[in-house]
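Listing of run20.tsv, TSV, C-alpha atoms
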chain	number	residue	atom	x	y	z
A	1	MET	CA	4.70	42.60	-6.58
A	2	VAL	CA	4.66	42.74	-10.36
A	3	ALA	CA	6.66	40.54	-12.66
A	4	PRO	CA	8.82	42.31	-15.24
A	5	PRO	CA	7.40	42.31	-18.76
A	6	SER	CA	10.23	40.12	-19.96
A	7	ALA	CA	9.16	37.23	-17.68
A	8	SER	CA	7.18	34.55	-19.42
A	9	LEU	CA	4.49	32.43	-17.84
A	10	PRO	CA	4.84	28.67	-17.95
A	11	SER	CA	2.94	26.99	-20.73
A	12	GLN	CA	-0.57	26.14	-19.59
A	13	ARG	CA	-2.32	22.88	-20.32
A	14	ASN	CA	-5.52	22.54	-22.26
A	15	SER	CA	-8.39	23.49	-19.99
A	16	LEU	CA	-10.03	20.12	-20.73
A	17	THR	CA	-7.16	18.24	-19.08
A	18	PRO	CA	-8.47	16.75	-15.78
A	19	ALA	CA	-7.15	18.69	-12.83
A	20	PHE	CA	-6.26	15.58	-10.86
A	21	VAL	CA	-4.02	14.40	-13.73
A	22	ALA	CA	-2.36	17.74	-14.28
A	23	ALA	CA	-1.73	18.26	-10.57
A	24	SER	CA	0.13	14.97	-10.33
A	25	GLU	CA	2.87	16.19	-12.69
A	26	PRO	CA	5.51	18.85	-11.88
A	27	SER	CA	3.95	22.13	-12.93
A	28	PHE	CA	3.28	25.62	-11.73
A	29	LEU	CA	0.42	24.21	-9.63
A	30	SER	CA	2.87	22.48	-7.28
A	31	PRO	CA	4.42	24.75	-4.59
A	32	SER	CA	7.26	22.27	-4.06
A	33	HIS	CA	8.13	22.64	-7.73
A	34	TRP	CA	8.45	26.35	-7.32
A	35	LEU	CA	11.17	25.80	-4.74
A	36	ARG	CA	12.93	23.10	-6.73
A	37	SER	CA	13.06	25.01	-10.01
A	38	PRO	CA	15.30	28.08	-9.94
A	39	SER	CA	14.77	28.38	-13.67
A	40	SER	CA	11.04	28.90	-13.27
A	41	SER	CA	9.48	32.15	-14.37
A	42	ALA	CA	9.96	35.25	-12.26
A	43	ALA	CA	6.28	35.42	-11.47
A	44	PHE	CA	6.35	32.11	-9.59
A	45	SER	CA	9.94	31.40	-8.56
A	46	LEU	CA	10.67	31.76	-4.88
A	47	ALA	CA	14.26	30.59	-5.38
A	48	SER	CA	15.23	33.60	-7.50
A	49	PRO	CA	14.49	36.74	-5.51
A	50	ARG	CA	16.51	38.83	-7.92
A	51	HIS	CA	13.64	38.65	-10.35
A	52	PHE	CA	11.40	40.50	-7.95
A	53	SER	CA	11.68	44.34	-7.71
A	54	LEU	CA	9.90	46.91	-5.67
A	55	PRO	CA	7.83	49.49	-7.53
A	56	SER	CA	9.85	52.55	-8.51
A	57	PRO	CA	8.99	55.66	-6.49
A	58	ARG	CA	9.07	57.72	-9.71
A	59	PRO	CA	6.56	56.84	-12.38
A	60	SER	CA	8.20	55.95	-15.63
A	61	PRO	CA	7.36	58.17	-18.59
A	62	ARG	CA	4.40	56.99	-20.63
A	63	PRO	CA	5.72	55.64	-23.94
A	64	SER	CA	4.52	57.28	-27.07
A	65	SER	CA	2.33	55.48	-29.52
A	66	ALA	CA	5.27	55.15	-31.87
A	67	SER	CA	7.52	53.48	-29.30
A	68	ARG	CA	4.76	51.47	-27.56
A	69	PRO	CA	5.18	47.73	-28.23
A	70	PRO	CA	2.25	45.88	-29.73
A	71	SER	CA	-0.19	44.60	-27.07
A	72	ALA	CA	0.46	41.00	-26.09
A	73	PRO	CA	-2.41	38.53	-26.16
A	74	ARG	CA	-4.29	38.29	-22.90
A	75	ARG	CA	-2.98	35.46	-20.75
A	76	PRO	CA	-5.48	32.92	-19.40
A	77	PRO	CA	-5.99	32.66	-15.62
A	78	LEU	CA	-3.84	30.27	-13.64
A	79	LEU	CA	-6.76	27.92	-12.95
A	80	ALA	CA	-9.51	27.96	-15.52
A	81	PRO	CA	-13.06	27.40	-14.18
A	82	SER	CA	-13.18	24.01	-15.87
A	83	ARG	CA	-10.07	22.96	-13.94
A	84	LEU	CA	-11.55	24.12	-10.67
A	85	ILE	CA	-14.69	22.09	-11.32
A	86	LEU	CA	-12.70	18.97	-12.18
A	87	LEU	CA	-10.46	19.42	-9.15
A	88	ALA	CA	-13.47	19.69	-6.83
A	89	ALA	CA	-15.10	16.64	-8.42
A	90	ALA	CA	-11.94	14.58	-8.05
A	91	PHE	CA	-11.96	15.02	-4.27
A	92	HIS	CA	-15.71	14.59	-3.75
A	93	PRO	CA	-16.48	11.34	-1.82
A	94	SER	CA	-19.02	10.10	-4.35
A	95	ALA	CA	-16.61	10.71	-7.21
A	96	ALA	CA	-13.90	8.75	-5.39
A	97	TYR	CA	-16.29	5.79	-5.00
A	98	SER	CA	-17.17	5.89	-8.70
A	99	LEU	CA	-13.53	6.05	-9.73
A	100	PHE	CA	-12.75	3.13	-7.41
A	101	ARG	CA	-15.43	0.93	-9.00
A	102	ALA	CA	-14.23	1.89	-12.47
A	103	ASP	CA	-10.75	0.73	-11.51
A	104	THR	CA	-12.04	-2.79	-10.75
A	105	PRO	CA	-11.30	-4.80	-13.91
A	106	LYS	CA	-13.71	-7.49	-15.02
A	107	ALA	CA	-12.29	-10.97	-14.49
A	108	ARG	CA	-13.02	-14.03	-16.59
A	109	GLY	CA	-15.30	-16.58	-14.95
A	110	LEU	CA	-17.13	-16.40	-11.61
A	111	ALA	CA	-15.33	-14.65	-8.74
A	112	CYS	CA	-15.31	-16.92	-5.68
A	113	ILE	CA	-14.39	-16.97	-2.01
A	114	PRO	CA	-13.02	-20.31	-0.72
A	115	VAL	CA	-14.78	-21.30	2.50
A	116	ALA	CA	-14.96	-24.21	4.90
A	117	ALA	CA	-18.03	-26.44	4.75
A	118	SER	CA	-19.37	-24.85	7.93
A	119	LYS	CA	-19.48	-21.43	6.23
A	120	VAL	CA	-21.31	-22.37	3.03
A	121	VAL	CA	-24.54	-20.41	2.41
A	122	ALA	CA	-27.28	-22.66	1.04
A	123	PRO	CA	-29.99	-21.29	-1.30
A	124	GLY	CA	-32.55	-19.43	0.80
A	125	GLN	CA	-30.15	-18.97	3.71
A	126	ARG	CA	-29.36	-15.42	4.86
A	127	GLU	CA	-26.15	-14.41	6.57
A	128	THR	CA	-24.31	-11.30	7.76
A	129	MET	CA	-20.60	-11.62	7.03
A	130	HIS	CA	-17.62	-9.61	8.26
A	131	ILE	CA	-15.20	-9.54	5.33
A	132	TYR	CA	-11.72	-8.16	5.93
A	133	ASP	CA	-9.07	-10.11	4.01
A	134	ALA	CA	-7.88	-8.45	0.81
A	135	SER	CA	-8.85	-11.26	-1.58
A	136	SER	CA	-12.43	-11.55	-0.30
A	137	LEU	CA	-12.88	-7.78	-0.33
A	138	GLN	CA	-11.91	-7.74	-4.00
A	139	VAL	CA	-14.43	-10.50	-4.73
A	140	ILE	CA	-17.25	-8.45	-3.18
A	141	ARG	CA	-16.21	-5.32	-5.07
A	142	HIS	CA	-15.94	-7.25	-8.33
A	143	ALA	CA	-19.40	-8.74	-7.75
A	144	GLN	CA	-20.91	-5.31	-7.19
A	145	ALA	CA	-19.17	-3.80	-10.22
A	146	HIS	CA	-19.62	-6.54	-12.81
A	147	SER	CA	-22.07	-9.30	-11.84
A	148	ASP	CA	-25.03	-7.62	-10.13
A	149	GLY	CA	-23.74	-8.59	-6.69
A	150	ILE	CA	-23.37	-12.31	-7.50
A	151	TYR	CA	-20.30	-14.27	-6.42
A	152	GLY	CA	-19.52	-17.89	-5.65
A	153	GLN	CA	-18.48	-19.92	-2.63
A	154	VAL	CA	-16.20	-22.86	-3.35
A	155	VAL	CA	-15.85	-25.35	-0.50
A	156	ILE	CA	-12.34	-26.35	0.54
A	157	ASP	CA	-11.62	-30.08	0.57
A	158	GLU	CA	-10.52	-30.44	4.20
A	159	ALA	CA	-9.04	-33.91	3.66
A	160	ALA	CA	-6.77	-32.56	0.92
A	161	ALA	CA	-5.92	-29.52	3.04
A	162	ARG	CA	-4.59	-31.77	5.78
A	163	GLU	CA	-2.13	-33.09	3.20
A	164	ARG	CA	-1.19	-29.53	2.23
A	165	VAL	CA	-3.03	-29.78	-1.09
A	166	PHE	CA	-5.55	-27.15	-2.19
A	167	ARG	CA	-8.64	-28.73	-3.68
A	168	VAL	CA	-12.32	-27.75	-3.80
A	169	LEU	CA	-15.39	-29.94	-3.59
A	170	GLU	CA	-17.67	-30.60	-6.55
A	171	ILE	CA	-20.51	-28.53	-5.10
A	172	GLY	CA	-20.60	-24.88	-4.04
A	173	ALA	CA	-22.99	-21.97	-3.56
A	174	ARG	CA	-24.00	-18.98	-5.64
A	175	VAL	CA	-24.48	-15.97	-3.34
A	176	LYS	CA	-26.10	-12.56	-3.82
A	177	VAL	CA	-24.90	-9.45	-1.97
A	178	LEU	CA	-27.97	-7.62	-0.64
A	179	SER	CA	-26.20	-4.71	1.06
A	180	VAL	CA	-22.76	-3.62	2.21
A	181	ARG	CA	-21.67	-1.18	4.88
A	182	PRO	CA	-18.14	-0.20	5.95
A	183	SER	CA	-16.59	-1.54	9.13
A	184	VAL	CA	-13.22	-1.87	10.85
A	185	HIS	CA	-11.35	-5.10	11.57
A	186	THR	CA	-9.05	-5.29	14.59
A	187	ASP	CA	-6.46	-8.07	14.56
A	188	LYS	CA	-5.02	-9.90	17.58
A	189	PHE	CA	-2.08	-7.48	17.73
A	190	GLY	CA	-4.34	-4.44	18.05
A	191	GLY	CA	-3.92	-3.25	14.47
A	192	SER	CA	-6.96	-2.10	12.54
A	193	SER	CA	-7.91	-2.16	8.87
A	194	SER	CA	-10.91	-1.35	6.71
A	195	SER	CA	-13.49	-4.11	6.29
A	196	LEU	CA	-17.06	-4.69	5.12
A	197	LEU	CA	-20.23	-6.01	6.70
A	198	ALA	CA	-22.13	-7.74	3.91
A	199	GLU	CA	-25.73	-8.95	4.01
A	200	VAL	CA	-25.98	-11.93	1.67
A	201	ILE	CA	-28.43	-14.66	0.66
A	202	GLY	CA	-27.82	-17.94	-1.13
A	203	VAL	CA	-29.52	-18.01	-4.52
A	204	GLY	CA	-28.18	-21.11	-6.25
A	205	VAL	CA	-25.78	-24.00	-6.55
A	206	ILE	CA	-22.55	-24.13	-8.56
A	207	GLN	CA	-20.42	-27.02	-9.74
A	208	PRO	CA	-16.83	-25.82	-10.31
A	209	GLU	CA	-15.37	-27.13	-13.56
A	210	SER	CA	-11.90	-25.57	-13.40
A	211	VAL	CA	-9.99	-22.88	-11.53
A	212	LEU	CA	-9.20	-20.03	-13.93
A	213	SER	CA	-7.11	-17.89	-11.59
A	214	LYS	CA	-6.07	-17.69	-7.95
A	215	MET	CA	-4.74	-14.13	-7.75
A	216	PRO	CA	-5.71	-11.47	-6.89
A	217	PHE	CA	-8.81	-13.55	-6.16
A	218	MET	CA	-10.11	-16.93	-7.26
A	219	THR	CA	-12.22	-17.30	-10.38
A	220	ILE	CA	-13.73	-20.51	-11.71
A	221	SER	CA	-15.59	-21.72	-14.75
A	222	CYS	CA	-19.04	-23.17	-14.10
A	223	ALA	CA	-22.47	-23.37	-15.67
A	224	ARG	CA	-24.50	-20.17	-15.57
A	225	GLU	CA	-27.64	-21.97	-14.35
A	226	ASP	CA	-28.39	-24.79	-11.92
A	227	SER	CA	-31.20	-27.35	-11.67
A	228	LEU	CA	-33.05	-25.94	-8.67
A	229	LEU	CA	-35.98	-24.46	-10.58
A	230	LEU	CA	-36.47	-27.41	-12.92
A	231	PRO	CA	-39.25	-29.96	-12.27
A	232	PRO	CA	-38.01	-32.75	-9.96
A	233	ALA	CA	-37.18	-36.17	-11.32
A	234	ASP	CA	-39.21	-37.84	-8.52
A	235	PRO	CA	-42.07	-35.58	-7.37
A	236	PRO	CA	-43.75	-36.60	-4.09
A	237	VAL	CA	-47.26	-37.99	-4.12
A	238	ASP	CA	-48.72	-35.46	-1.66
A	239	PHE	CA	-47.01	-32.07	-1.78
A	240	ALA	CA	-49.16	-30.56	0.99
A	241	GLU	CA	-48.38	-33.32	3.51
A	242	VAL	CA	-44.65	-33.31	2.78
A	243	THR	CA	-44.46	-29.51	2.94
A	244	ALA	CA	-46.32	-29.38	6.28
A	245	SER	CA	-44.04	-32.01	7.83
A	246	LEU	CA	-40.94	-30.16	6.65
A	247	HIS	CA	-42.18	-26.82	8.02
A	248	GLU	CA	-43.00	-28.43	11.39
A	249	ALA	CA	-39.47	-29.79	11.79
A	250	ALA	CA	-37.90	-26.47	10.77
A	251	ALA	CA	-40.14	-24.49	13.14
A	252	LEU	CA	-39.16	-26.75	16.07
A	253	CYS	CA	-35.48	-26.06	15.45
A	254	GLU	CA	-36.15	-22.35	15.11
A	255	THR	CA	-37.84	-22.18	18.52
A	256	LEU	CA	-34.66	-23.67	20.02
A	257	ASP	CA	-32.24	-21.24	18.36
A	258	GLY	CA	-31.69	-19.64	21.75
A	259	VAL	CA	-30.22	-22.90	23.04
A	260	THR	CA	-27.65	-23.38	20.29
A	261	ASN	CA	-27.49	-22.81	16.54
A	262	TYR	CA	-25.16	-22.64	13.58
A	263	LYS	CA	-25.64	-18.92	12.88
A	264	GLY	CA	-22.90	-16.44	13.55
A	265	PRO	CA	-23.36	-13.64	16.10
A	266	LEU	CA	-23.63	-11.01	13.36
A	267	SER	CA	-26.35	-12.98	11.59
A	268	GLN	CA	-28.26	-13.46	14.83
A	269	ALA	CA	-28.10	-9.73	15.57
A	270	SER	CA	-29.31	-8.85	12.06
A	271	GLU	CA	-32.16	-11.35	12.28
A	272	ARG	CA	-33.30	-9.94	15.63
A	273	SER	CA	-33.14	-6.37	14.33
A	274	GLU	CA	-35.35	-7.29	11.36
A	275	GLY	CA	-37.86	-9.25	13.43
A	276	GLY	CA	-36.80	-12.63	12.09
A	277	TRP	CA	-36.21	-14.20	8.69
A	278	PRO	CA	-39.25	-16.41	8.02
A	279	LEU	CA	-38.72	-19.44	5.79
A	280	SER	CA	-41.43	-18.43	3.31
A	281	SER	CA	-40.06	-14.90	2.86
A	282	ARG	CA	-36.55	-16.20	2.17
A	283	VAL	CA	-37.83	-18.57	-0.51
A	284	GLU	CA	-39.85	-15.78	-2.13
A	285	ARG	CA	-36.78	-13.53	-2.09
A	286	VAL	CA	-34.70	-16.13	-3.92
A	287	LEU	CA	-37.37	-16.56	-6.60
A	288	GLU	CA	-37.61	-12.79	-6.97
A	289	LEU	CA	-33.85	-12.34	-7.30
A	290	ARG	CA	-33.69	-15.10	-9.88
A	291	GLY	CA	-36.59	-13.63	-11.81
A	292	HIS	CA	-38.74	-16.78	-11.68
A	293	LYS	CA	-41.73	-16.26	-9.40
A	294	ASP	CA	-43.92	-18.76	-11.24
A	295	VAL	CA	-42.26	-22.16	-10.74
A	296	CYS	CA	-43.61	-25.64	-10.14
A	297	GLU	CA	-44.47	-26.96	-6.69
A	298	GLY	CA	-41.47	-29.26	-6.76
A	299	ALA	CA	-39.02	-26.38	-7.24
A	300	LYS	CA	-40.61	-24.42	-4.38
A	301	LEU	CA	-40.43	-27.43	-2.09
A	302	ALA	CA	-36.76	-27.96	-2.97
A	303	LEU	CA	-35.99	-24.32	-2.11
A	304	GLN	CA	-37.87	-24.63	1.18
A	305	ALA	CA	-35.85	-27.71	2.09
A	306	LEU	CA	-32.57	-25.97	1.23
A	307	ALA	CA	-33.52	-22.83	3.15
A	308	SER	CA	-34.32	-24.99	6.19
A	309	THR	CA	-30.73	-26.26	6.25
A	310	ALA	CA	-29.75	-22.96	7.93
A	311	HIS	CA	-30.48	-24.91	11.16
A	312	LEU	CA	-28.08	-27.73	10.18
A	313	PRO	CA	-24.29	-28.13	10.11
A	314	GLY	CA	-22.40	-27.38	6.90
A	315	GLY	CA	-21.93	-31.01	5.95
A	316	LYS	CA	-25.70	-31.58	5.85
A	317	ARG	CA	-26.18	-28.40	3.83
A	318	LEU	CA	-23.76	-29.68	1.20
A	319	GLU	CA	-25.52	-33.05	1.03
A	320	ALA	CA	-28.86	-31.33	0.54
A	321	MET	CA	-27.47	-29.03	-2.17
A	322	GLU	CA	-26.04	-32.00	-4.06
A	323	LEU	CA	-29.41	-33.83	-3.98
A	324	ALA	CA	-31.21	-30.68	-5.12
A	325	GLN	CA	-28.83	-30.28	-8.05
A	326	ARG	CA	-29.58	-33.88	-9.06
A	327	ARG	CA	-33.33	-33.07	-8.79
A	328	GLN	CA	-33.86	-35.92	-6.30
A	329	LEU	CA	-36.63	-34.18	-4.38
A	330	ASN	CA	-37.87	-37.09	-2.27
A	331	GLU	CA	-34.36	-37.88	-1.05
A	332	LEU	CA	-33.74	-34.20	-0.40
A	333	VAL	CA	-36.85	-33.68	1.71
A	334	LYS	CA	-36.28	-36.92	3.63
A	335	LEU	CA	-32.67	-35.99	4.44
A	336	VAL	CA	-33.53	-32.46	5.57
A	337	GLU	CA	-36.57	-33.41	7.65
A	338	GLU	CA	-34.79	-36.25	9.48
A	339	SER	CA	-31.74	-34.04	10.09
A	340	LEU	CA	-33.93	-31.24	11.45
A	341	ARG	CA	-35.69	-33.58	13.88
A	342	ASP	CA	-32.35	-35.00	15.06
A	343	GLU	CA	-31.07	-31.45	15.53
A	344	ALA	CA	-34.17	-30.50	17.51
A	345	ARG	CA	-33.66	-33.51	19.83
A	346	ARG	CA	-30.02	-32.50	20.33
A	347	ARG	CA	-31.04	-28.95	21.27
A	348	LEU	CA	-33.72	-30.20	23.66
A	349	ALA	CA	-31.13	-32.41	25.35
A	350	ILE	CA	-28.74	-29.48	25.72
A	351	LYS	CA	-31.55	-27.36	27.16
A	352	SER	CA	-32.52	-30.03	29.67
A	353	LEU	CA	-28.95	-30.59	30.82
A	354	ALA	CA	-28.35	-26.82	31.03
A	355	GLU	CA	-31.38	-26.45	33.30
A	356	LEU	CA	-29.89	-29.12	35.54
A	357	GLY	CA	-26.58	-27.23	35.57
A	358	GLN	CA	-24.63	-30.09	34.00
A	359	VAL	CA	-23.74	-28.62	30.62
A	360	ASP	CA	-23.74	-25.31	28.80
A	361	ASP	CA	-23.51	-24.32	25.16
A	362	SER	CA	-19.72	-23.99	25.26
A	363	SER	CA	-19.04	-27.24	27.10
A	364	GLU	CA	-17.11	-30.14	25.61
A	365	ASP	CA	-20.04	-32.37	26.62
A	366	LEU	CA	-21.81	-31.20	23.45
A	367	ASP	CA	-19.66	-33.61	21.47
A	368	VAL	CA	-21.02	-36.50	23.53
A	369	ILE	CA	-24.61	-35.37	22.94
A	370	GLU	CA	-24.03	-35.18	19.18
Let me see the file written as structure tokens.
Amino acid sequence: MVAPPSASLPSQRNSLTPAFVAASEPSFLSPSHWLRSPSSSAAFSLASPRHFSLPSPRPSPRPSSASRPPSAPRRPPLLAPSRLILLAAAFHPSAAYSLFRADTPKARGLACIPVAASKVVAPGQRETMHIYDASSLQVIRHAQAHSDGIYGQVVIDEAAARERVFRVLEIGARVKVLSVRPSVHTDKFGGSSSSLLAEVIGVGVIQPESVLSKMPFMTISCAREDSLLLPPADPPVDFAEVTASLHEAAALCETLDGVTNYKGPLSQASERSEGGWPLSSRVERVLELRGHKDVCEGAKLALQALASTAHLPGGKRLEAMELAQRRQLNELVKLVEESLRDEARRRLAIKSLAELGQVDDSSEDLDVIE
């Protein structure tokens, strides 16, 4: 069918206008608009069939040059090539990801996830986390978009929480996102939602000064650097002896990880798939990520002690992080080594009782052993 010469095309937008913006407004690109707009041009209106006419069986006489109207300017195509390119780019998966990151505004302060003491990630500790709540997802996305994958963990004051008061402890963790892959979270009612599996490693210590915002996610003000890489205030007399003793205690706990441990099932699976996460490699990774490979022996020993707390409960990890921030190296190493040996004895006791058939890892008798 051919539109009569008197019909006028709708005004067309500048070809530089993004197609995904133009398509969102009522225009000739929207088929639903054709049906809603009886006043649209004859060339596009489906609601006004009277504008359409079949070709005449008799050819009309060719107008003479005197009566021929001046030639109208050539109309542009309905979709210019530039619009087609923009439209294709708007729906490309990689473009959608880029647009999504650009829509993440930069927040003031350090984006943080509030956690219980048992979930804190000490410097040198690696974890695989399943993140599915909206606030935590936004923290991860903000970290990737604006802070090179760095975010904070503030530790909830459980005593205050029992009194229905939200308060955080004076020590927390600075965490680096190593990788992220999509996942799906299924709730107890059978519903599902998008989630993330994040590989992270602790890279530092934070001391929250004030809470800047709580929504849509928590941000705090804190110092940009910690004291972990500074020379200790009380260096040990024999670094080699202290380091060997610490490594021995950590290795004993590691050999008993199959009995019981404080790692989540996702972290255990990731560690097995990578052939283990040796203590030395985790310390080297932290130094690499912080951009300080050449540090003093005291700083390396402090990081080794903190990384060894992956075998300890969250409360001990927080104690060790506080001592490290105060640069009390001797107290730090003593606390971690003694706690590791106590933990190894506890695991050996559980193993012995399990072999006798008296207790298993999920039994309430574990509280008595502790």
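One finds CA of Gly314 in chain A at 11.9 Å from CA of Gln125 in chain A.
Taking CA of Gly298 in chain A and CA of Cys112 in chain A as the two end points, the separation is 28.9 Å.
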Atom pair CA of Glu297 in chain A + CA of Asp238 in chain A, distance 10.8 Å
For Glu254 in chain A, the closest of A:Leu279, A:Cys296, A:Val177, A:Ile350 counting all atoms listed in the file is A:Leu279
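The residue that comes closest to Arg126 in chain A, out of A:Ala223, A:Val286, A:Leu196, A:Ala251 and on the basis of all atoms listed in the file, is A:Val286.
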Practice task
For Val184 in chain A, please output as number ranges by chain all residues within 12 Å (counting all atoms listed in the file; exclusion window: fewer than 3 positions along the same chain).
Solution key: A: 130-133, 181, 187, 190-197
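Residue nearest Leu266 in chain A within the list A:Leu137, A:Val200, A:Glu288, A:Phe217: A:Val200 [criterion: smallest interatomic distance, only C-alpha atoms].
Across A:Met129, A:Ile171, A:Leu335, A:Ser227, the tightest approach to Ser267 in chain A is made by A:Met129 when counting all atoms listed in the file.
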### Task
Please write as a PyMOL selection string the list of polymer residues whose atoms come within 7 Å of (-19.7, -2.3, -1.4), counting all atoms listed in the file and keeping to the coordinates of the file.
chain A and resi 140-141+144+180-181
Residue with the minimum atom-to-atom distance to Val283 in chain A, picked from A:Leu312, A:Tyr151, A:Leu228, A:Val336 with all atoms listed in the file counted, is A:Leu228
